[in-house]
Amino acid sequence: MRVLVIEDDEELAETVAAGLRDARIAVDVAFDGEAGLARALIHDYDVIVLDRDLPVVHGDQVCGRLVAAGGRSRVLMLTGASEMEDLVAGLGLGADDYLTKPFAFAVLLARISALARRAQPSIPPVLQHGDVVLDTAKRTAHRAGSPLALRPKEFGVLELLLVAQGRVVSAEELLERVWDEAADPFTAAVKVTISRLRAKLGDPPIIETVAKAGYRI
(Lines give C-alpha, C1' and ligand atoms only; values in the text may rest on other atoms or scores of the structure.)
Protein backbone atom coordinates (compact mmCIF):
# COMPACT_ATOMS: atom_id res chain seq x y z
CA MET A 1 0.00 0.00 0.00
CA ARG A 2 1.19 3.52 -0.78
CA VAL A 3 -0.17 6.61 0.97
CA LEU A 4 0.28 10.35 0.45
CA VAL A 5 -0.04 12.64 3.48
CA ILE A 6 -0.77 16.30 2.63
CA GLU A 7 -0.56 18.27 5.86
CA ASP A 8 0.98 21.71 6.55
CA ASP A 9 1.71 20.93 10.20
CA GLU A 10 5.11 19.39 9.53
CA GLU A 11 5.44 17.78 12.96
CA LEU A 12 2.04 16.10 12.63
CA ALA A 13 2.74 15.04 9.04
CA GLU A 14 6.07 13.44 9.93
CA THR A 15 4.59 11.74 13.00
CA VAL A 16 1.78 10.25 10.93
CA ALA A 17 4.23 9.19 8.22
CA ALA A 18 6.51 7.49 10.76
CA GLY A 19 3.57 5.59 12.24
CA LEU A 20 2.38 4.43 8.83
CA ARG A 21 5.87 3.27 7.90
CA ASP A 22 5.98 1.27 11.12
CA ALA A 23 2.74 -0.34 9.89
CA ARG A 24 4.55 -1.44 6.69
CA ILE A 25 3.02 1.24 4.48
CA ALA A 26 4.97 3.31 1.94
CA VAL A 27 4.42 7.03 2.56
CA ASP A 28 5.14 10.31 0.77
CA VAL A 29 4.59 13.68 2.47
CA ALA A 30 3.70 17.14 1.14
CA PHE A 31 3.32 20.29 3.26
CA ASP A 32 1.06 22.39 1.03
CA GLY A 33 -1.77 21.85 -1.43
CA GLU A 34 0.22 22.63 -4.56
CA ALA A 35 3.01 20.17 -3.75
CA GLY A 36 0.51 17.54 -2.67
CA LEU A 37 -1.55 17.89 -5.83
CA ALA A 38 1.55 17.58 -7.99
CA ARG A 39 2.52 14.32 -6.29
CA ALA A 40 -1.03 12.96 -6.36
CA LEU A 41 -1.38 13.50 -10.10
CA ILE A 42 1.93 11.74 -10.84
CA HIS A 43 1.98 8.75 -8.50
CA ASP A 44 -0.54 5.94 -8.04
CA TYR A 45 -1.53 6.22 -4.37
CA ASP A 46 -4.01 3.91 -2.68
CA VAL A 47 -5.06 6.55 -0.14
CA ILE A 48 -4.46 10.29 0.17
CA VAL A 49 -4.70 11.81 3.66
CA LEU A 50 -5.66 15.41 2.91
CA ASP A 51 -5.78 18.25 5.41
CA ARG A 52 -8.58 20.64 4.51
CA ASP A 53 -6.98 23.92 5.64
CA LEU A 54 -3.84 23.93 3.45
CA PRO A 55 -1.68 26.84 2.28
CA VAL A 56 -1.05 27.73 -1.41
CA VAL A 57 -3.90 25.53 -2.69
CA HIS A 58 -6.79 24.87 -0.28
CA GLY A 59 -7.66 21.26 0.52
CA ASP A 60 -11.11 21.68 -1.01
CA GLN A 61 -9.54 22.62 -4.33
CA VAL A 62 -7.07 19.74 -4.12
CA CYS A 63 -9.92 17.31 -3.50
CA GLY A 64 -11.91 18.70 -6.40
CA ARG A 65 -8.96 18.38 -8.78
CA LEU A 66 -8.31 14.80 -7.70
CA VAL A 67 -11.92 13.80 -8.26
CA ALA A 68 -11.97 15.53 -11.65
CA ALA A 69 -8.80 13.67 -12.66
CA GLY A 70 -10.61 10.37 -12.05
CA GLY A 71 -7.78 8.57 -10.27
CA ARG A 72 -8.06 5.40 -8.20
CA SER A 73 -6.90 7.06 -4.96
CA ARG A 74 -9.30 7.27 -2.02
CA VAL A 75 -9.30 10.56 -0.10
CA LEU A 76 -9.42 10.82 3.68
CA MET A 77 -9.96 14.46 4.60
CA LEU A 78 -8.66 15.85 7.88
CA THR A 79 -10.44 18.82 9.40
CA GLY A 80 -9.90 20.81 12.56
CA ALA A 81 -13.53 21.89 12.55
CA SER A 82 -16.23 19.80 14.21
CA GLU A 83 -19.15 21.65 12.63
CA MET A 84 -21.35 19.36 10.57
CA GLU A 85 -21.43 21.87 7.70
CA ASP A 86 -17.68 21.56 7.18
CA LEU A 87 -17.77 17.78 7.28
CA VAL A 88 -20.66 17.61 4.81
CA ALA A 89 -18.88 20.08 2.51
CA GLY A 90 -15.76 17.92 2.45
CA LEU A 91 -17.69 14.81 1.53
CA GLY A 92 -19.66 16.78 -1.04
CA LEU A 93 -16.42 17.62 -2.83
CA GLY A 94 -15.73 13.93 -3.34
CA ALA A 95 -13.75 12.92 -0.26
CA ASP A 96 -14.36 9.28 0.67
CA ASP A 97 -14.10 9.76 4.43
CA TYR A 98 -13.19 12.40 7.00
CA LEU A 99 -11.48 12.53 10.37
CA THR A 100 -11.66 15.39 12.86
CA LYS A 101 -8.51 16.60 14.62
CA PRO A 102 -7.27 15.66 17.12
CA PHE A 103 -7.45 11.96 16.34
CA ALA A 104 -5.98 8.71 17.63
CA PHE A 105 -3.42 7.19 15.28
CA ALA A 106 -5.09 3.78 15.57
CA VAL A 107 -8.30 5.31 14.21
CA LEU A 108 -6.43 6.94 11.33
CA LEU A 109 -4.75 3.64 10.45
CA ALA A 110 -8.09 1.81 10.56
CA ARG A 111 -9.70 4.42 8.27
CA ILE A 112 -6.80 4.23 5.81
CA SER A 113 -6.97 0.43 5.73
CA ALA A 114 -10.72 0.54 5.15
CA LEU A 115 -10.35 3.04 2.29
CA ALA A 116 -7.57 1.00 0.69
CA ARG A 117 -9.93 -1.96 0.55
CA ARG A 118 -12.27 0.20 -1.53
CA ALA A 119 -9.59 1.27 -4.00
CA GLN A 120 -9.57 -0.18 -7.50
CA PRO A 121 -8.79 -2.99 -7.61
CA SER A 122 -10.32 -3.49 -4.18
CA ILE A 123 -8.27 -5.10 -1.44
CA PRO A 124 -10.07 -7.67 0.76
CA PRO A 125 -9.49 -7.47 4.53
CA VAL A 126 -7.72 -10.85 4.41
CA LEU A 127 -5.69 -12.13 1.46
CA GLN A 128 -4.94 -15.83 1.19
CA HIS A 129 -3.17 -18.22 -1.16
CA GLY A 130 -2.89 -21.76 0.09
CA ASP A 131 -1.46 -21.61 3.59
CA VAL A 132 -0.23 -18.02 3.21
CA VAL A 133 -2.52 -15.50 4.93
CA LEU A 134 -2.06 -11.73 4.97
CA ASP A 135 -4.28 -9.51 7.13
CA THR A 136 -4.44 -6.06 5.50
CA ALA A 137 -6.05 -4.45 8.57
CA LYS A 138 -3.70 -5.84 11.23
CA ARG A 139 -0.73 -5.66 8.80
CA THR A 140 0.34 -9.20 9.66
CA ALA A 141 1.26 -12.22 7.56
CA HIS A 142 1.42 -15.95 8.35
CA ARG A 143 2.31 -19.18 6.60
CA ALA A 144 0.96 -22.47 7.89
CA GLY A 145 -0.06 -20.61 11.05
CA SER A 146 3.42 -19.28 11.77
CA PRO A 147 4.00 -15.49 11.70
CA LEU A 148 6.24 -14.12 8.97
CA ALA A 149 8.73 -11.47 10.09
CA LEU A 150 8.45 -9.33 6.97
CA ARG A 151 10.07 -5.97 6.40
CA PRO A 152 7.75 -3.20 5.15
CA LYS A 153 8.73 -3.61 1.49
CA GLU A 154 8.48 -7.41 1.68
CA PHE A 155 5.02 -7.07 3.17
CA GLY A 156 4.00 -4.61 0.47
CA VAL A 157 5.25 -6.82 -2.35
CA LEU A 158 3.44 -9.87 -0.97
CA GLU A 159 0.26 -7.82 -0.52
CA LEU A 160 0.32 -6.56 -4.10
CA LEU A 161 1.06 -9.99 -5.57
CA LEU A 162 -1.78 -11.55 -3.58
CA VAL A 163 -4.18 -8.79 -4.67
CA ALA A 164 -3.20 -9.46 -8.30
CA GLN A 165 -4.52 -13.05 -7.95
CA GLY A 166 -2.18 -14.62 -10.46
CA ARG A 167 -1.78 -11.60 -12.74
CA VAL A 168 1.82 -10.84 -13.64
CA VAL A 169 3.01 -7.73 -11.79
CA SER A 170 5.95 -5.92 -13.33
CA ALA A 171 8.93 -4.68 -11.35
CA GLU A 172 7.94 -1.15 -12.39
CA GLU A 173 4.46 -1.54 -10.88
CA LEU A 174 5.90 -2.96 -7.66
CA LEU A 175 8.30 -0.03 -7.43
CA GLU A 176 5.46 2.44 -8.02
CA ARG A 177 3.01 0.90 -5.56
CA VAL A 178 5.27 -0.33 -2.74
CA TRP A 179 8.19 2.11 -2.63
CA ASP A 180 8.02 5.87 -1.99
CA GLU A 181 9.13 8.67 -4.30
CA ALA A 182 12.72 8.46 -3.04
CA ALA A 183 13.15 5.07 -4.72
CA ASP A 184 15.71 4.88 -7.54
CA PRO A 185 13.93 3.45 -10.63
CA PHE A 186 17.20 1.85 -11.73
CA THR A 187 17.84 0.07 -8.45
CA ALA A 188 17.77 -3.70 -7.93
CA ALA A 189 15.59 -3.19 -4.84
CA VAL A 190 12.62 -5.12 -6.24
CA LYS A 191 14.75 -8.13 -7.20
CA VAL A 192 16.49 -8.15 -3.82
CA THR A 193 13.19 -7.81 -1.93
CA ILE A 194 11.62 -10.67 -3.93
CA SER A 195 14.62 -12.86 -3.09
CA ARG A 196 14.33 -12.10 0.64
CA LEU A 197 10.57 -12.62 0.56
CA ARG A 198 10.94 -16.02 -1.10
CA ALA A 199 13.43 -17.07 1.56
CA LYS A 200 11.06 -16.08 4.36
CA LEU A 201 8.06 -17.76 2.72
CA GLY A 202 9.96 -21.03 2.41
CA ASP A 203 8.78 -24.11 0.53
CA PRO A 204 6.87 -24.85 -1.53
CA PRO A 205 7.63 -21.60 -3.38
CA ILE A 206 4.63 -19.49 -4.38
CA ILE A 207 6.25 -16.57 -6.24
CA GLU A 208 7.03 -17.23 -9.89
CA THR A 209 9.34 -15.10 -12.06
CA VAL A 210 7.92 -14.51 -15.52
CA ALA A 211 10.78 -13.74 -17.89
CA LYS A 212 10.80 -10.13 -19.17
CA ALA A 213 7.42 -9.51 -17.55
CA GLY A 214 7.57 -9.58 -13.75
CA TYR A 215 6.31 -11.76 -10.94
CA ARG A 216 3.11 -13.55 -9.96
CA ILE A 217 1.65 -15.79 -7.28
# chains A, B, ... in the order shown; residues from 1 in each chain; ligands from 1

call {"tool": "residues_around", "arguments": {"residues": "A:Val178", "least_positions_apart": "4", "cutoff": "7 Å", "atoms": "only C-alpha atoms", "output": "PyMOL selection string"}}
result
chain A and resi 1-2+26+153+156-157+174

call {"tool": "write_last_selection", "arguments": {"atoms": "N, CA and C atoms", "output": "tab-separated table (two decimals), in the first residue's frame"}}
result
chain	number	residue	atom	x	y	z
A	1	MET	N	0.84	-1.19	0.00
A	1	MET	CA	0.00	0.00	0.00
A	1	MET	C	0.88	1.24	0.00
A	2	ARG	N	0.45	2.26	-0.74
A	2	ARG	CA	1.19	3.52	-0.78
A	2	ARG	C	0.24	4.67	-0.45
A	26	ALA	N	4.11	2.32	2.58
A	26	ALA	CA	4.97	3.31	1.94
A	26	ALA	C	4.27	4.67	1.98
A	153	LYS	N	8.78	-3.41	2.94
A	153	LYS	CA	8.73	-3.61	1.49
A	153	LYS	C	8.38	-5.05	1.14
A	156	GLY	N	4.68	-5.28	1.56
A	156	GLY	CA	4.00	-4.61	0.47
A	156	GLY	C	4.01	-5.39	-0.83
A	157	VAL	N	5.15	-6.01	-1.13
A	157	VAL	CA	5.25	-6.82	-2.35
A	157	VAL	C	4.32	-8.02	-2.27
A	174	LEU	N	5.54	-2.74	-9.07
A	174	LEU	CA	5.90	-2.96	-7.66
A	174	LEU	C	6.63	-1.75	-7.10

call {"tool": "residues_around", "arguments": {"residues": "stretch 61-72 of chain A", "least_positions_apart": "6", "cutoff": "8 Å", "atoms": "only C-alpha atoms", "output": "list in words"}}
result
Gly33, Glu34, Leu37, Ala40, Leu41, Asp44, Tyr45, Asp46, Leu50, Leu93, Gly94, Ala95, Ala119 and Gln120 of chain A

call {"tool": "residues_around", "arguments": {"residues": "A:Asp97", "least_positions_apart": "3", "cutoff": "12 Å", "atoms": "only C-alpha atoms", "output": "mmCIF file with N, CA and C atoms, in the first residue's frame"}}
result
data_model
loop_
_atom_site.group_PDB
_atom_site.id
_atom_site.type_symbol
_atom_site.label_atom_id
_atom_site.label_comp_id
_atom_site.auth_asym_id
_atom_site.auth_seq_id
_atom_site.Cartn_x
_atom_site.Cartn_y
_atom_site.Cartn_z
ATOM 1 N N VAL A 47 -4.301 5.613 -0.978
ATOM 2 C CA VAL A 47 -5.057 6.549 -0.136
ATOM 3 C C VAL A 47 -4.295 7.869 -0.029
ATOM 4 N N ILE A 48 -5.029 8.966 -0.046
ATOM 5 C CA ILE A 48 -4.459 10.294 0.170
ATOM 6 C C ILE A 48 -5.082 10.879 1.425
ATOM 7 N N VAL A 49 -4.246 11.164 2.427
ATOM 8 C CA VAL A 49 -4.695 11.812 3.659
ATOM 9 C C VAL A 49 -4.538 13.309 3.436
ATOM 10 N N LEU A 50 -5.648 14.014 3.362
ATOM 11 C CA LEU A 50 -5.661 15.405 2.907
ATOM 12 C C LEU A 50 -6.192 16.344 3.985
ATOM 13 N N ASP A 51 -5.319 17.225 4.478
ATOM 14 C CA ASP A 51 -5.780 18.253 5.412
ATOM 15 C C ASP A 51 -6.620 19.268 4.641
ATOM 16 N N CYS A 63 -8.971 18.419 -3.417
ATOM 17 C CA CYS A 63 -9.915 17.310 -3.504
ATOM 18 C C CYS A 63 -10.697 17.363 -4.810
ATOM 19 N N ARG A 74 -8.230 6.891 -2.945
ATOM 20 C CA ARG A 74 -9.296 7.266 -2.024
ATOM 21 C C ARG A 74 -8.806 8.408 -1.143
ATOM 22 N N VAL A 75 -9.689 9.355 -0.835
ATOM 23 C CA VAL A 75 -9.301 10.561 -0.104
ATOM 24 C C VAL A 75 -9.903 10.549 1.300
ATOM 25 N N LEU A 76 -9.015 10.666 2.284
ATOM 26 C CA LEU A 76 -9.424 10.818 3.678
ATOM 27 C C LEU A 76 -9.115 12.254 4.078
ATOM 28 N N MET A 77 -10.145 13.041 4.306
ATOM 29 C CA MET A 77 -9.956 14.461 4.596
ATOM 30 C C MET A 77 -9.853 14.694 6.093
ATOM 31 N N LEU A 78 -8.831 15.455 6.485
ATOM 32 C CA LEU A 78 -8.663 15.848 7.878
ATOM 33 C C LEU A 78 -9.186 17.258 8.062
ATOM 34 N N THR A 79 -9.906 17.486 9.134
ATOM 35 C CA THR A 79 -10.437 18.817 9.403
ATOM 36 C C THR A 79 -10.318 19.138 10.883
ATOM 37 N N LEU A 87 -17.944 19.196 7.583
ATOM 38 C CA LEU A 87 -17.773 17.778 7.277
ATOM 39 C C LEU A 87 -18.575 17.399 6.032
ATOM 40 N N VAL A 88 -19.814 17.898 5.967
ATOM 41 C CA VAL A 88 -20.659 17.612 4.810
ATOM 42 C C VAL A 88 -20.056 18.213 3.544
ATOM 43 N N ALA A 89 -19.487 19.420 3.666
ATOM 44 C CA ALA A 89 -18.884 20.079 2.510
ATOM 45 C C ALA A 89 -17.717 19.258 1.975
ATOM 46 N N GLY A 90 -16.893 18.726 2.873
ATOM 47 C CA GLY A 90 -15.755 17.918 2.449
ATOM 48 C C GLY A 90 -16.187 16.679 1.698
ATOM 49 N N LEU A 91 -17.197 16.013 2.202
ATOM 50 C CA LEU A 91 -17.690 14.813 1.528
ATOM 51 C C LEU A 91 -18.366 15.177 0.211
ATOM 52 N N GLY A 92 -19.002 16.344 0.187
ATOM 53 C CA GLY A 92 -19.658 16.783 -1.040
ATOM 54 C C GLY A 92 -18.683 17.063 -2.158
ATOM 55 N N LEU A 93 -17.440 17.373 -1.820
ATOM 56 C CA LEU A 93 -16.418 17.625 -2.828
ATOM 57 C C LEU A 93 -15.864 16.339 -3.429
ATOM 58 N N GLY A 94 -16.192 15.199 -2.811
ATOM 59 C CA GLY A 94 -15.731 13.929 -3.343
ATOM 60 C C GLY A 94 -14.811 13.160 -2.421
ATOM 61 N N THR A 100 -11.800 14.103 12.184
ATOM 62 C CA THR A 100 -11.659 15.388 12.864
ATOM 63 C C THR A 100 -10.445 15.378 13.781
ATOM 64 N N LEU A 108 -6.901 6.542 12.659
ATOM 65 C CA LEU A 108 -6.427 6.943 11.332
ATOM 66 C C LEU A 108 -5.994 5.729 10.524
ATOM 67 N N ALA A 110 -6.921 2.624 10.893
ATOM 68 C CA ALA A 110 -8.088 1.811 10.556
ATOM 69 C C ALA A 110 -8.857 2.424 9.384
ATOM 70 N N ARG A 111 -8.992 3.745 9.364
ATOM 71 C CA ARG A 111 -9.698 4.417 8.271
ATOM 72 C C ARG A 111 -8.934 4.258 6.950
ATOM 73 N N ILE A 112 -7.615 4.391 7.013
ATOM 74 C CA ILE A 112 -6.799 4.228 5.811
ATOM 75 C C ILE A 112 -6.920 2.807 5.274
ATOM 76 N N SER A 113 -6.849 1.826 6.152
ATOM 77 C CA SER A 113 -6.967 0.426 5.730
ATOM 78 C C SER A 113 -8.322 0.164 5.093
ATOM 79 N N ALA A 114 -9.375 0.735 5.685
ATOM 80 C CA ALA A 114 -10.719 0.540 5.145
ATOM 81 C C ALA A 114 -10.847 1.176 3.760
ATOM 82 N N LEU A 115 -10.284 2.371 3.596
ATOM 83 C CA LEU A 115 -10.346 3.035 2.293
ATOM 84 C C LEU A 115 -9.538 2.280 1.239
ATOM 85 N N ALA A 116 -8.395 1.747 1.640
ATOM 86 C CA ALA A 116 -7.572 0.996 0.688
ATOM 87 C C ALA A 116 -8.322 -0.216 0.162
ATOM 88 N N ARG A 118 -11.284 -0.272 -0.561
ATOM 89 C CA ARG A 118 -12.271 0.204 -1.527
ATOM 90 C C ARG A 118 -11.621 0.768 -2.788
#

call {"tool": "residues_around", "arguments": {"residues": "A:Ala23", "least_positions_apart": "6", "cutoff": "9 Å", "atoms": "only C-alpha atoms", "output": "ChimeraX atom specification"}}
result
/A:109,138-139,152

call {"tool": "atom_distance", "arguments": {"atom1": "atom CA of A:Asp60", "atom2": "atom CA of A:Asp28"}}
result
19.9 Å
